[in-house]
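Source file: final-v3.txt; contents: compact mmCIF, C-alpha atoms and all ligand atoms.
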# COMPACT_ATOMS: atom_id res chain seq x y z
CA MET A 12 118.24 57.02 99.21
CA GLN A 13 114.70 58.33 99.14
CA HIS A 14 114.02 60.39 102.22
CA ARG A 15 111.18 62.52 103.39
CA LYS A 16 110.83 66.21 102.70
CA VAL A 17 110.13 68.58 105.57
CA TYR A 18 109.28 72.19 104.78
CA LEU A 19 110.23 74.51 107.64
CA ASP A 20 110.48 77.73 105.65
CA ASN A 21 106.92 79.00 105.99
CA SER A 22 108.03 82.58 106.63
CA ALA A 23 109.50 82.65 103.12
CA THR A 24 106.36 81.26 101.53
CA THR A 25 103.74 78.60 102.13
CA VAL A 26 102.08 75.80 100.19
CA ILE A 27 98.79 76.83 98.57
CA ASP A 28 95.83 75.21 100.27
CA SER A 29 94.03 72.88 97.82
CA LYS A 30 90.72 74.58 98.69
CA VAL A 31 92.25 77.86 97.56
CA ILE A 32 93.33 76.36 94.22
CA LYS A 33 89.83 75.00 93.74
CA GLU A 34 88.31 78.42 94.46
CA MET A 35 90.68 80.11 91.97
CA GLN A 36 90.29 77.55 89.17
CA PRO A 37 87.17 78.98 87.43
CA TYR A 38 88.80 82.42 87.19
CA PHE A 39 91.64 80.96 85.13
CA SER A 40 89.23 79.29 82.71
CA ASN A 41 85.63 80.26 82.05
CA ILE A 42 85.31 83.38 84.24
CA TYR A 43 88.04 85.36 82.52
CA GLY A 44 86.37 88.76 82.10
CA ASN A 45 87.96 92.10 82.91
CA ALA A 46 86.24 93.43 86.03
CA SER A 47 85.95 96.85 84.33
CA SER A 48 84.00 95.54 81.33
CA LEU A 49 80.29 96.22 81.26
CA HIS A 50 79.16 92.95 79.63
CA CYS A 51 78.28 89.82 81.54
CA PHE A 52 81.87 88.45 81.40
CA GLY A 53 83.06 91.61 83.11
CA ARG A 54 80.19 91.67 85.56
CA GLN A 55 80.98 88.13 86.70
CA ALA A 56 84.58 89.14 87.41
CA LYS A 57 83.37 92.30 89.18
CA ILE A 58 81.11 90.24 91.42
CA ALA A 59 84.08 88.03 92.39
CA LEU A 60 86.19 91.12 93.05
CA ASP A 61 83.54 92.80 95.23
CA ASP A 62 82.91 89.58 97.05
CA ALA A 63 86.62 89.10 97.82
CA ARG A 64 86.90 92.72 98.98
CA MET A 65 83.95 92.28 101.32
CA LYS A 66 85.36 89.04 102.75
CA VAL A 67 88.78 90.58 103.40
CA ALA A 68 87.21 93.71 104.91
CA ILE A 69 85.19 91.65 107.37
CA LEU A 70 88.20 89.49 108.30
CA LEU A 71 90.34 92.57 108.99
CA GLY A 72 87.62 94.57 110.74
CA ALA A 73 87.64 97.17 107.94
CA ASN A 74 85.15 98.61 105.46
CA PRO A 75 85.28 97.31 101.88
CA GLU A 76 86.28 100.71 100.46
CA GLU A 77 89.34 100.62 102.73
CA ILE A 78 90.69 97.44 101.06
CA PHE A 79 93.04 97.80 98.06
CA PHE A 80 94.37 94.76 96.20
CA THR A 81 98.04 94.89 95.19
CA SER A 82 100.71 92.54 93.87
CA GLY A 83 101.94 91.60 97.35
CA GLY A 84 103.57 92.73 100.56
CA THR A 85 106.38 94.68 98.91
CA GLU A 86 104.02 96.72 96.76
CA SER A 87 101.61 97.34 99.65
CA ASP A 88 104.45 98.68 101.81
CA ASN A 89 105.66 100.90 98.96
CA ILE A 90 102.22 102.32 98.17
CA ALA A 91 101.63 102.97 101.87
CA ILE A 92 104.86 104.85 102.48
CA LEU A 93 105.39 106.60 99.13
CA GLY A 94 101.68 107.29 98.75
CA ILE A 95 101.42 109.04 102.12
CA LEU A 96 104.60 111.06 101.57
CA SER A 97 103.53 112.09 98.11
CA ALA A 98 100.28 113.51 99.54
CA CYS A 99 102.24 115.61 102.04
CA LEU A 100 103.11 119.13 100.91
CA LYS A 101 106.65 119.12 102.28
CA LYS A 102 109.43 116.65 102.80
CA GLY A 103 109.87 115.67 106.40
CA HIS A 104 110.69 112.99 108.92
CA ILE A 105 109.85 109.28 109.04
CA ILE A 106 110.11 106.89 111.97
CA THR A 107 110.75 103.21 111.33
CA SER A 108 112.80 100.46 112.97
CA LYS A 109 116.15 98.83 112.31
CA VAL A 110 114.50 95.43 111.89
CA GLU A 111 111.99 96.11 109.10
CA HIS A 112 111.69 93.92 106.04
CA HIS A 113 113.77 95.19 103.11
CA ALA A 114 110.54 96.37 101.43
CA VAL A 115 110.41 99.12 104.07
CA LEU A 116 114.08 99.41 105.02
CA TYR A 117 115.48 99.89 101.52
CA LEU A 118 112.65 102.26 100.64
CA CYS A 119 113.58 104.37 103.69
CA LYS A 120 117.26 104.34 102.65
CA HIS A 121 116.13 105.61 99.24
CA LEU A 122 113.98 108.30 100.87
CA GLU A 123 117.02 109.53 102.81
CA LYS A 124 118.85 109.96 99.51
CA ILE A 125 116.06 112.15 98.11
CA GLY A 126 115.91 114.45 101.11
CA TYR A 127 113.77 112.82 103.79
CA GLU A 128 115.01 112.36 107.31
CA VAL A 129 114.58 108.87 108.77
CA THR A 130 114.91 107.62 112.36
CA TYR A 131 115.56 103.89 112.61
CA LEU A 132 114.49 102.82 116.10
CA LYS A 133 116.80 100.36 117.79
CA VAL A 134 115.47 97.15 119.33
CA ASP A 135 116.17 95.23 122.54
CA LYS A 136 117.74 91.76 122.64
CA ASP A 137 114.35 90.22 121.78
CA GLY A 138 114.01 92.40 118.68
CA VAL A 139 111.35 94.72 120.10
CA VAL A 140 111.37 98.54 119.83
CA LEU A 141 111.13 100.55 123.05
CA MET A 142 108.28 102.99 123.62
CA GLU A 143 110.55 105.59 125.20
CA ASP A 144 112.73 105.58 122.07
CA PHE A 145 109.64 106.08 119.97
CA GLU A 146 108.48 109.03 122.12
CA ARG A 147 111.88 110.64 121.82
CA ALA A 148 111.99 110.16 118.05
CA VAL A 149 108.83 112.13 117.26
CA LYS A 150 109.55 115.56 115.76
CA ASP A 151 107.47 118.53 114.63
CA ASN A 152 108.00 117.50 111.01
CA THR A 153 107.28 113.78 111.49
CA LEU A 154 104.96 112.67 108.68
CA LEU A 155 104.83 108.92 108.96
CA VAL A 156 105.58 106.00 111.27
CA SER A 157 106.15 102.56 109.75
CA ILE A 158 106.75 99.72 112.19
CA MET A 159 106.23 96.06 111.29
CA HIS A 160 103.78 93.91 113.27
CA ALA A 161 105.97 90.79 113.53
CA ASN A 162 109.52 90.38 112.33
CA ASN A 163 110.14 87.84 109.57
CA GLU A 164 113.51 86.61 110.86
CA VAL A 165 112.96 86.20 114.59
CA GLY A 166 109.18 86.64 115.01
CA ALA A 167 109.40 89.59 117.43
CA LEU A 168 106.05 91.31 117.89
CA GLN A 169 106.11 95.10 118.07
CA PRO A 170 103.85 97.13 120.39
CA ILE A 171 101.59 98.30 117.54
CA GLU A 172 98.54 99.18 119.69
CA GLU A 173 100.70 101.21 122.07
CA ILE A 174 102.42 103.11 119.27
CA ALA A 175 99.04 103.74 117.61
CA ALA A 176 97.60 105.12 120.85
CA ARG A 177 100.61 107.38 121.24
CA VAL A 178 100.37 108.63 117.63
CA LYS A 179 96.67 109.37 118.16
CA LYS A 180 97.47 111.39 121.28
CA ILE A 181 100.17 113.38 119.47
CA ASN A 182 97.83 114.00 116.52
CA GLU A 183 95.26 115.67 118.81
CA LYS A 184 97.71 118.54 119.23
CA ARG A 185 98.78 118.86 115.60
CA LYS A 186 97.50 120.38 112.41
CA GLU A 187 99.14 117.85 110.11
CA LYS A 188 98.45 114.27 111.05
CA ILE A 189 101.18 111.66 111.53
CA TYR A 190 100.11 108.47 109.72
CA PHE A 191 100.91 105.01 111.04
CA HIS A 192 101.59 102.09 108.71
CA THR A 193 102.32 98.51 109.74
CA ASP A 194 103.73 95.65 107.67
CA SER A 195 101.53 92.82 108.89
CA VAL A 196 102.74 90.24 106.39
CA GLN A 197 104.00 87.85 109.08
CA THR A 198 100.90 88.07 111.29
CA ALA A 199 98.05 87.89 108.73
CA GLY A 200 96.51 84.43 108.87
CA LYS A 201 98.41 83.67 112.08
CA LEU A 202 96.85 86.15 114.50
CA ARG A 203 93.30 87.47 114.34
CA LEU A 204 93.88 90.93 112.90
CA ASN A 205 91.59 93.86 113.47
CA VAL A 206 92.68 97.19 112.04
CA LYS A 207 90.47 99.12 114.46
CA GLU A 208 91.93 97.37 117.49
CA LEU A 209 95.47 97.78 116.19
CA GLY A 210 94.70 101.47 115.61
CA VAL A 211 96.75 101.80 112.43
CA ASP A 212 95.99 103.91 109.36
CA LEU A 213 97.59 101.53 106.89
CA LEU A 214 98.36 97.80 106.98
CA ALA A 215 100.01 95.47 104.46
CA ILE A 216 99.46 91.72 103.99
CA SER A 217 100.51 89.16 101.38
CA ALA A 218 98.57 86.03 100.33
CA HIS A 219 101.51 83.66 99.79
CA LYS A 220 102.48 83.90 103.46
CA PHE A 221 99.15 82.36 104.56
CA ASN A 222 98.67 79.47 102.12
CA GLY A 223 97.40 81.68 99.31
CA PRO A 224 98.84 82.43 95.85
CA LYS A 225 101.98 84.45 95.15
CA GLY A 226 101.82 87.91 93.63
CA VAL A 227 98.77 89.24 95.44
CA GLY A 228 98.39 91.32 98.56
CA VAL A 229 96.25 93.87 100.31
CA LEU A 230 96.81 97.37 101.53
CA TYR A 231 94.29 98.58 104.09
CA VAL A 232 93.93 102.37 104.03
CA LYS A 233 91.71 103.91 106.67
CA ASN A 234 88.93 106.16 105.38
CA GLY A 235 89.96 109.80 105.36
CA THR A 236 93.68 109.10 104.84
CA SER A 237 95.45 111.48 102.42
CA ILE A 238 97.24 109.19 99.99
CA LEU A 239 98.21 109.39 96.32
CA PRO A 240 99.03 106.61 93.85
CA ILE A 241 102.65 105.77 93.02
CA VAL A 242 101.78 104.23 89.65
CA PHE A 243 99.35 105.93 87.27
CA GLY A 244 96.83 104.43 84.90
CA GLY A 245 93.20 103.39 85.01
CA HIS A 246 90.61 103.79 87.70
CA HIS A 247 91.13 100.35 89.23
CA GLU A 248 91.23 100.05 93.01
CA ASN A 249 89.84 103.55 93.31
CA CYS A 250 92.82 104.86 91.29
CA LEU A 251 95.26 104.03 94.11
CA ARG A 252 96.52 100.90 92.35
CA PRO A 253 95.74 101.05 88.63
CA GLY A 254 96.04 98.02 86.39
CA THR A 255 93.58 95.22 85.54
CA GLU A 256 92.86 93.30 88.71
CA ASN A 257 94.34 89.84 89.21
CA ILE A 258 90.96 88.21 89.79
CA PRO A 259 92.16 84.60 90.34
CA GLY A 260 94.79 85.85 92.78
CA ILE A 261 92.37 88.12 94.61
CA VAL A 262 89.78 85.34 94.90
CA GLY A 263 92.56 83.07 96.20
CA LEU A 264 93.75 85.64 98.72
CA ALA A 265 90.25 86.09 100.15
CA LYS A 266 89.71 82.33 100.40
CA ALA A 267 93.13 81.78 101.99
CA LEU A 268 92.53 84.51 104.57
CA GLU A 269 89.12 83.04 105.37
CA LEU A 270 90.54 79.52 105.75
CA SER A 271 93.48 80.62 107.86
CA ASN A 272 91.19 82.57 110.19
CA ASP A 273 89.10 79.46 110.76
CA LYS A 274 90.22 77.86 114.07
CA ILE A 275 93.13 80.29 114.07
CA GLU A 276 93.78 79.92 117.82
CA GLU A 277 93.89 76.13 117.50
CA LYS A 278 96.37 76.34 114.63
CA ASP A 279 98.46 78.79 116.62
CA ARG A 280 98.63 76.39 119.57
CA HIS A 281 99.67 73.58 117.21
CA VAL A 282 102.41 75.69 115.63
CA PHE A 283 103.57 76.91 119.05
CA ALA A 284 103.86 73.31 120.29
CA LEU A 285 105.97 72.39 117.25
CA ARG A 286 108.31 75.31 117.84
CA GLU A 287 108.69 74.54 121.54
CA LYS A 288 109.35 70.88 120.78
CA LEU A 289 112.10 71.74 118.31
CA LYS A 290 113.55 74.35 120.65
CA GLU A 291 113.68 71.97 123.61
CA GLY A 292 115.05 69.18 121.43
CA ILE A 293 117.84 71.42 120.19
CA PHE A 294 118.68 72.59 123.73
CA ASN A 295 118.72 69.01 125.00
CA GLU A 296 120.63 67.38 122.18
CA ILE A 297 123.00 70.03 120.82
CA SER A 298 125.51 72.08 122.81
CA ASP A 299 126.58 75.68 122.15
CA VAL A 300 123.31 76.97 120.71
CA VAL A 301 121.56 80.29 121.28
CA VAL A 302 117.92 81.05 120.52
CA ASN A 303 117.45 84.57 119.16
CA GLY A 304 114.18 86.25 120.15
CA SER A 305 111.02 84.14 120.12
CA GLY A 306 110.23 84.83 123.76
CA SER A 307 106.76 85.76 124.94
CA LYS A 308 106.76 88.83 122.66
CA ALA A 309 106.91 86.84 119.43
CA ILE A 310 104.69 84.98 117.00
CA SER A 311 104.62 81.18 117.38
CA SER A 312 105.80 80.29 113.92
CA ILE A 313 109.49 81.25 114.00
CA LEU A 314 112.48 79.70 115.75
CA ASN A 315 115.79 81.44 115.08
CA VAL A 316 118.82 79.57 116.39
CA SER A 317 122.54 80.26 116.26
CA PHE A 318 124.60 77.07 116.15
CA ASN A 319 128.04 78.16 117.28
CA TYR A 320 131.08 76.82 115.41
CA VAL A 321 128.95 76.06 112.35
CA GLU A 322 128.48 77.99 109.13
CA GLY A 323 124.79 78.72 108.44
CA GLU A 324 125.00 78.15 104.69
CA SER A 325 126.70 74.77 105.13
CA LEU A 326 124.13 73.75 107.70
CA LEU A 327 121.30 74.79 105.37
CA LEU A 328 122.78 72.77 102.49
CA MET A 329 123.29 69.67 104.61
CA LEU A 330 119.78 69.92 106.02
CA ASP A 331 118.52 70.28 102.46
CA MET A 332 120.43 67.14 101.39
CA ASN A 333 118.50 65.37 104.12
CA GLY A 334 115.19 66.81 102.95
CA VAL A 335 114.77 69.56 105.55
CA ALA A 336 114.12 73.03 104.07
CA VAL A 337 115.05 76.03 106.24
CA SER A 338 116.53 79.51 105.82
CA THR A 339 119.72 81.00 107.12
CA GLY A 340 119.40 84.17 109.26
CA SER A 341 117.35 85.80 106.54
CA ALA A 342 116.14 84.56 103.18
CA CYS A 343 117.05 87.87 101.61
CA ALA A 344 120.54 87.87 103.12
CA SER A 345 121.45 84.48 101.63
CA GLY A 346 123.99 84.67 98.87
CA THR A 347 125.84 87.32 100.83
CA THR A 348 128.17 86.87 103.75
CA GLU A 349 126.78 90.00 105.36
CA SER A 350 125.27 89.44 108.74
CA SER A 351 121.51 89.85 109.05
CA HIS A 352 120.48 93.41 109.88
CA VAL A 353 117.92 92.05 112.34
CA LEU A 354 120.37 89.92 114.33
CA SER A 355 122.91 92.70 114.37
CA ALA A 356 120.27 95.18 115.65
CA MET A 357 119.48 92.67 118.42
CA GLY A 358 123.12 92.65 119.41
CA VAL A 359 123.83 89.08 118.30
CA ASP A 360 127.55 88.52 117.94
CA PRO A 361 128.42 88.65 114.21
CA VAL A 362 130.37 85.40 114.37
CA ALA A 363 127.45 83.60 116.05
CA ALA A 364 125.06 85.20 113.52
CA GLN A 365 126.94 83.39 110.72
CA GLY A 366 125.71 80.08 112.13
CA THR A 367 122.08 81.10 112.33
CA ILE A 368 119.15 79.13 110.98
CA ARG A 369 115.51 80.21 110.81
CA PHE A 370 113.00 77.41 111.21
CA SER A 371 109.50 78.64 110.36
CA PHE A 372 106.43 76.51 110.90
CA GLY A 373 103.03 76.29 109.30
CA HIS A 374 99.93 74.51 110.50
CA TYR A 375 100.57 71.69 108.03
CA ASN A 376 103.77 70.70 109.86
CA THR A 377 103.65 67.74 112.23
CA GLN A 378 105.34 66.49 115.41
CA GLU A 379 106.93 63.65 113.39
CA GLU A 380 108.52 66.21 111.08
CA VAL A 381 110.04 67.90 114.12
CA ASP A 382 111.38 64.54 115.36
CA TYR A 383 112.95 63.89 111.97
CA THR A 384 114.41 67.41 111.81
CA LEU A 385 115.98 66.97 115.25
CA LYS A 386 117.57 63.69 114.22
CA VAL A 387 119.01 65.23 111.07
CA LEU A 388 120.17 68.34 112.93
CA GLN A 389 122.11 66.34 115.52
CA LYS A 390 123.84 64.41 112.76
CA VAL A 391 124.75 67.35 110.52
CA VAL A 392 125.73 69.76 113.30
CA SER A 393 128.14 67.27 114.81
CA SER A 394 129.54 66.35 111.41
CA LEU A 395 130.10 70.01 110.49
CA ARG A 396 131.64 70.75 113.87
CA SER A 397 134.02 67.82 113.53
CA MET A 398 135.36 69.57 110.43
CA SER A 399 135.63 72.96 112.13
CA PRO A 400 139.12 73.92 113.32
CA VAL A 401 137.63 76.34 115.88
CA TRP A 402 135.42 73.65 117.35
CA ASN A 403 138.26 71.13 117.51
CA LYS A 404 140.55 73.64 119.18
CA LYS A 405 137.86 74.36 121.74
CA LYS A 406 137.42 70.64 122.43
CA PHE A 407 141.19 70.22 122.66
CA ASP A 408 141.52 73.15 125.08
CA LYS A 409 138.72 71.78 127.20
CA LYS A 410 140.36 68.36 127.31
CA LYS A 411 143.65 69.98 128.26
CA ARG A 412 141.90 71.96 130.99
CA ASN A 413 140.27 68.83 132.32
CA MET A 414 143.63 67.04 132.26
CA TYR A 415 145.23 69.76 134.37
CA ASN A 416 142.21 69.82 136.67
CA ASP A 417 142.61 66.10 137.22
CA VAL A 418 146.18 66.51 138.33
C1 LIG A 501 107.47 88.33 102.72
C2 LIG A 501 107.42 89.64 103.38
C3 LIG A 501 107.22 90.82 102.63
C4 LIG A 501 107.15 90.83 101.13
O1 LIG A 501 105.95 90.28 100.67
P1 LIG A 501 105.86 89.85 99.11
O2 LIG A 501 104.42 89.52 98.93
O3 LIG A 501 106.74 88.67 98.97
O4 LIG A 501 106.28 91.02 98.32
C5 LIG A 501 107.14 92.01 103.30
N1 LIG A 501 107.25 92.06 104.64
C6 LIG A 501 107.44 90.97 105.39
C7 LIG A 501 107.53 91.09 106.87
C8 LIG A 501 107.54 89.72 104.79
O5 LIG A 501 107.74 88.64 105.53
Rewrite the structure from the file as structure tokens, please.
Amino acid sequence: MQHRKVYLDNSATTVIDSKVIKEMQPYFSNIYGNASSLHCFGRQAKIALDDARMKVAILLGANPEEIFFTSGGTESDNIAILGILSACLKKGHIITSKVEHHAVLYLCKHLEKIGYEVTYLKVDKDGVVLMEDFERAVKDNTLLVSIMHANNEVGALQPIEEIAARVKKINEKRKEKIYFHTDSVQTAGKLRLNVKELGVDLLAISAHKFNGPKGVGVLYVKNGTSILPIVFGGHHENCLRPGTENIPGIVGLAKALELSNDKIEEKDRHVFALREKLKEGIFNEISDVVVNGSGSKAISSILNVSFNYVEGESLLLMLDMNGVAVSTGSACASGTTESSHVLSAMGVDPVAAQGTIRFSFGHYNTQEEVDYTLKVLQKVVSSLRSMSPVWNKKKFDKKKRNMYNDV
């Protein structure tokens, strides 16, 4: 049977906007110069590169010389953290959170192995770090704070402005500055970002999360920041990220960021309405479900739900057979039976976490797609539960209880 396809995995990646493809096209064919070459082929590429840098700078509230193009979110996070630490004279202390993306989390685990001290801030049940924990974590030898803007599994928004204000205050009384980096991969193109308003020193974004191409990202580095490269080579990107620039990708990133910032509030309302519709539908139609996070302190695009008495992987596969694409608790955790580090930090019961699905919306999704998803969900959840011994025992016990109550 031919059925429709519904893509609800926009936090993993997004479809490329056709306008972005169109913008990139010439840079795959006739405008192929190396932006470092002095002839007209090179100059054409350089113009595109400068133009993209200017566009991105304006959209992020930065200066063009503060914008560095990279190969994506993972690389931007790594350059930010390793680059800052490598410019510090001594090893020291880093503050991050328990719910970071693996690009930051696994890097911090590595840093611990090579002699750095790391504090992983805990989060509340909504996935948000607490300011008082942050205050308590700061030490004399703290070099860097890296806290994500929005979480990729549950959407929780962290108090970035507040942390930045606090770091600024602390820095007034110190000789060596504490730098503040944020992984903004899940908020770029969804919220209007302004690096000055956020108050951060470094910020990472990735094009493929906002309808741009894969393999290209940006690292914003505030003027005056002491940072060193982590890869060495040519003079590209002011020596911070050597290697011939990916001009088609960079042009695509700039276009995608521009397009996603157009009517951004309207798109956000649309995405929010889709999420609320699915959430309410699930609550109304399916019993024994828990929504993780996604309260008022979360981005609109993510709905993370634990379906009790169901295995997440099985649910994902059955949804997929019906044309609905989602993730389990975390895209990166799939293939393992380990519980998601984010859900476990939020205190979600490990058994419930096994039945967790992440639905993530994009502005291309429609109300009809949500209706279809709900229909499929009802069908597959009840079919999986009917096969679950735990579920059947629960039903049996309930029936027994009711029988005794009737007596
Ligand atoms: C996707 C993602 C990344 C990694 O970005 P890539 O461009 O895929 O390397 C980093 N952080 C967060 C929060 C993400 O969602």
Next item on the list: Find, counting all atoms listed in the file, the residue in A:Ile42, A:Val302, A:Lys409, A:Ser311 that gets nearest to A:Ala363.
Entry: A:Val302
Next item on the list: Excluding A:Asn41 and residues on its chain fewer than 5 positions from it, collect all residues at most 12 Å away from it, counting only C-alpha atoms, and give them as a ChimeraX atom specification.
Entry: /A:35-36,52-53,55-56,259
Throw together the list of residues within 9 Å of ligand LIG 501 (chain A), counting all atoms listed in the file, and drop it here as an mmCIF file with C-alpha atoms, keeping the file's coordinate frame.
data_model
loop_
_atom_site.group_PDB
_atom_site.id
_atom_site.type_symbol
_atom_site.label_atom_id
_atom_site.label_comp_id
_atom_site.auth_asym_id
_atom_site.auth_seq_id
_atom_site.Cartn_x
_atom_site.Cartn_y
_atom_site.Cartn_z
ATOM 1 C CA SER A 22 108.030 82.580 106.630
ATOM 2 C CA ALA A 23 109.500 82.650 103.120
ATOM 3 C CA THR A 24 106.360 81.260 101.530
ATOM 4 C CA SER A 82 100.710 92.540 93.870
ATOM 5 C CA GLY A 83 101.940 91.600 97.350
ATOM 6 C CA GLY A 84 103.570 92.730 100.560
ATOM 7 C CA THR A 85 106.380 94.680 98.910
ATOM 8 C CA GLU A 86 104.020 96.720 96.760
ATOM 9 C CA SER A 87 101.610 97.340 99.650
ATOM 10 C CA ASP A 88 104.450 98.680 101.810
ATOM 11 C CA GLU A 111 111.990 96.110 109.100
ATOM 12 C CA HIS A 112 111.690 93.920 106.040
ATOM 13 C CA HIS A 113 113.770 95.190 103.110
ATOM 14 C CA ALA A 114 110.540 96.370 101.430
ATOM 15 C CA VAL A 115 110.410 99.120 104.070
ATOM 16 C CA MET A 159 106.230 96.060 111.290
ATOM 17 C CA HIS A 160 103.780 93.910 113.270
ATOM 18 C CA ALA A 161 105.970 90.790 113.530
ATOM 19 C CA ASN A 162 109.520 90.380 112.330
ATOM 20 C CA ASN A 163 110.140 87.840 109.570
ATOM 21 C CA GLU A 164 113.510 86.610 110.860
ATOM 22 C CA ASP A 194 103.730 95.650 107.670
ATOM 23 C CA SER A 195 101.530 92.820 108.890
ATOM 24 C CA VAL A 196 102.740 90.240 106.390
ATOM 25 C CA GLN A 197 104.000 87.850 109.080
ATOM 26 C CA THR A 198 100.900 88.070 111.290
ATOM 27 C CA ALA A 215 100.010 95.470 104.460
ATOM 28 C CA ILE A 216 99.460 91.720 103.990
ATOM 29 C CA SER A 217 100.510 89.160 101.380
ATOM 30 C CA ALA A 218 98.570 86.030 100.330
ATOM 31 C CA HIS A 219 101.510 83.660 99.790
ATOM 32 C CA LYS A 220 102.480 83.900 103.460
ATOM 33 C CA LYS A 225 101.980 84.450 95.150
ATOM 34 C CA GLY A 226 101.820 87.910 93.630
ATOM 35 C CA VAL A 227 98.770 89.240 95.440
ATOM 36 C CA GLY A 228 98.390 91.320 98.560
#
Note to self: Taking all atoms listed in the file into account, name the residue in A:Tyr231, A:Tyr43, A:Phe372, A:Phe145 that is nearest to A:Phe79.
What the structure shows: A:Tyr231
Next item on the list: May I ask which of the residues A:Val232, A:Val262, A:Ala199, A:Ile293 is the closest one to A:Glu77, counting all atoms listed in the file?
Entry: A:Val232
Notebook entry, point to check: Which is closest to A:Ser157 among A:Ile78, A:Ile69, A:Leu116, A:Ile297, if we use all atoms listed in the file?
Noted result: A:Leu116
Margin query: What's the separation between atom CA of A:Leu100 and atom CA of A:Pro75, in Å to one decimal place?
Written below: 28.2 Å
Next item on the list: Find the spatial neighbours of A:His246, counting all atoms listed in the file, within a cut-off of 10 Å - ignore same-chain residues fewer than 6 positions away - and output them as a PyMOL selection string.
Entry: chain A and resi 47+252-255
Item checked: Residue nearest A:Phe283 - candidates A:Val401, A:Ile310, A:Val359, A:Leu204, atoms counted: all atoms listed in the file -> A:Ile310
Item checked: Minimum-distance residue to A:Val178, chosen among A:Lys201, A:Lys150, A:Arg15, A:Lys33 (using all atoms listed in the file) ->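 Closest to A:Val178, using all atoms listed in the file: A:Lys150.
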Next item on the list: Quote the spacing between atom CA of A:Ala267 and atom CA of A:Ile32 in Å to one decimal place.
Entry: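 Between these atoms lies a distance of 9.5 Å.
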Next item on the list: One decimal, Å: what's the distance from atom CA of A:Asn205 over to atom CA of A:Glu76, could you say?
Entry: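 Spanning atom CA of A:Asn205 to atom CA of A:Glu76 is a straight-line distance of 15.6 Å.
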I'd like the neighbourhood of A:Val391 as a compact mmCIF listing (two decimals) with C-alpha atoms, in the coordinates of the input, where a residue qualifies if any of its atoms comes within 12 Å (using only C-alpha atoms), though same-chain residues fewer than 2 positions away should be ignored.
# COMPACT_ATOMS: atom_id res chain seq x y z
CA ILE A 297 123.00 70.03 120.82
CA PHE A 318 124.60 77.07 116.15
CA VAL A 321 128.95 76.06 112.35
CA GLU A 322 128.48 77.99 109.13
CA GLY A 323 124.79 78.72 108.44
CA SER A 325 126.70 74.77 105.13
CA LEU A 326 124.13 73.75 107.70
CA LEU A 327 121.30 74.79 105.37
CA LEU A 328 122.78 72.77 102.49
CA MET A 329 123.29 69.67 104.61
CA LEU A 330 119.78 69.92 106.02
CA ASP A 331 118.52 70.28 102.46
CA MET A 332 120.43 67.14 101.39
CA ASN A 333 118.50 65.37 104.12
CA VAL A 335 114.77 69.56 105.55
CA THR A 384 114.41 67.41 111.81
CA LEU A 385 115.98 66.97 115.25
CA LYS A 386 117.57 63.69 114.22
CA VAL A 387 119.01 65.23 111.07
CA LEU A 388 120.17 68.34 112.93
CA GLN A 389 122.11 66.34 115.52
CA SER A 393 128.14 67.27 114.81
CA SER A 394 129.54 66.35 111.41
CA LEU A 395 130.10 70.01 110.49
CA ARG A 396 131.64 70.75 113.87
CA SER A 397 134.02 67.82 113.53
CA MET A 398 135.36 69.57 110.43
Next item on the list: Extract, using all atoms listed in the file, all DNA, RNA and protein residues at most 9 Å from A:Leu354, discarding same-chain residues fewer than 5 positions from it, and format them as a list in words.
Entry: Val110, Lys136, Gly138, Glu164, Val165, Asn303, Gly340, Val359, Asp360, Pro361 and Ala364 of chain A
Next item on the list: Select all residues near (108.3, 75.8, 110.5) (cut-off 6 Å, inclusive, file coordinates), counting only C-alpha atoms, and output them as a list in words.
Entry: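 Nearby residues: Leu19, Asp20, Asn21, Phe370, Ser371, Phe372 and Gly373 of chain A.
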Checklist line | Residue neighbourhood A:Thr107, 12 Å, all atoms listed in the file, exclusion window fewer than 6 positions, as number ranges by chain | finding: A: 92, 113, 115-120, 128-134, 140, 144-145, 148-149, 153-160, 169, 174, 190-194
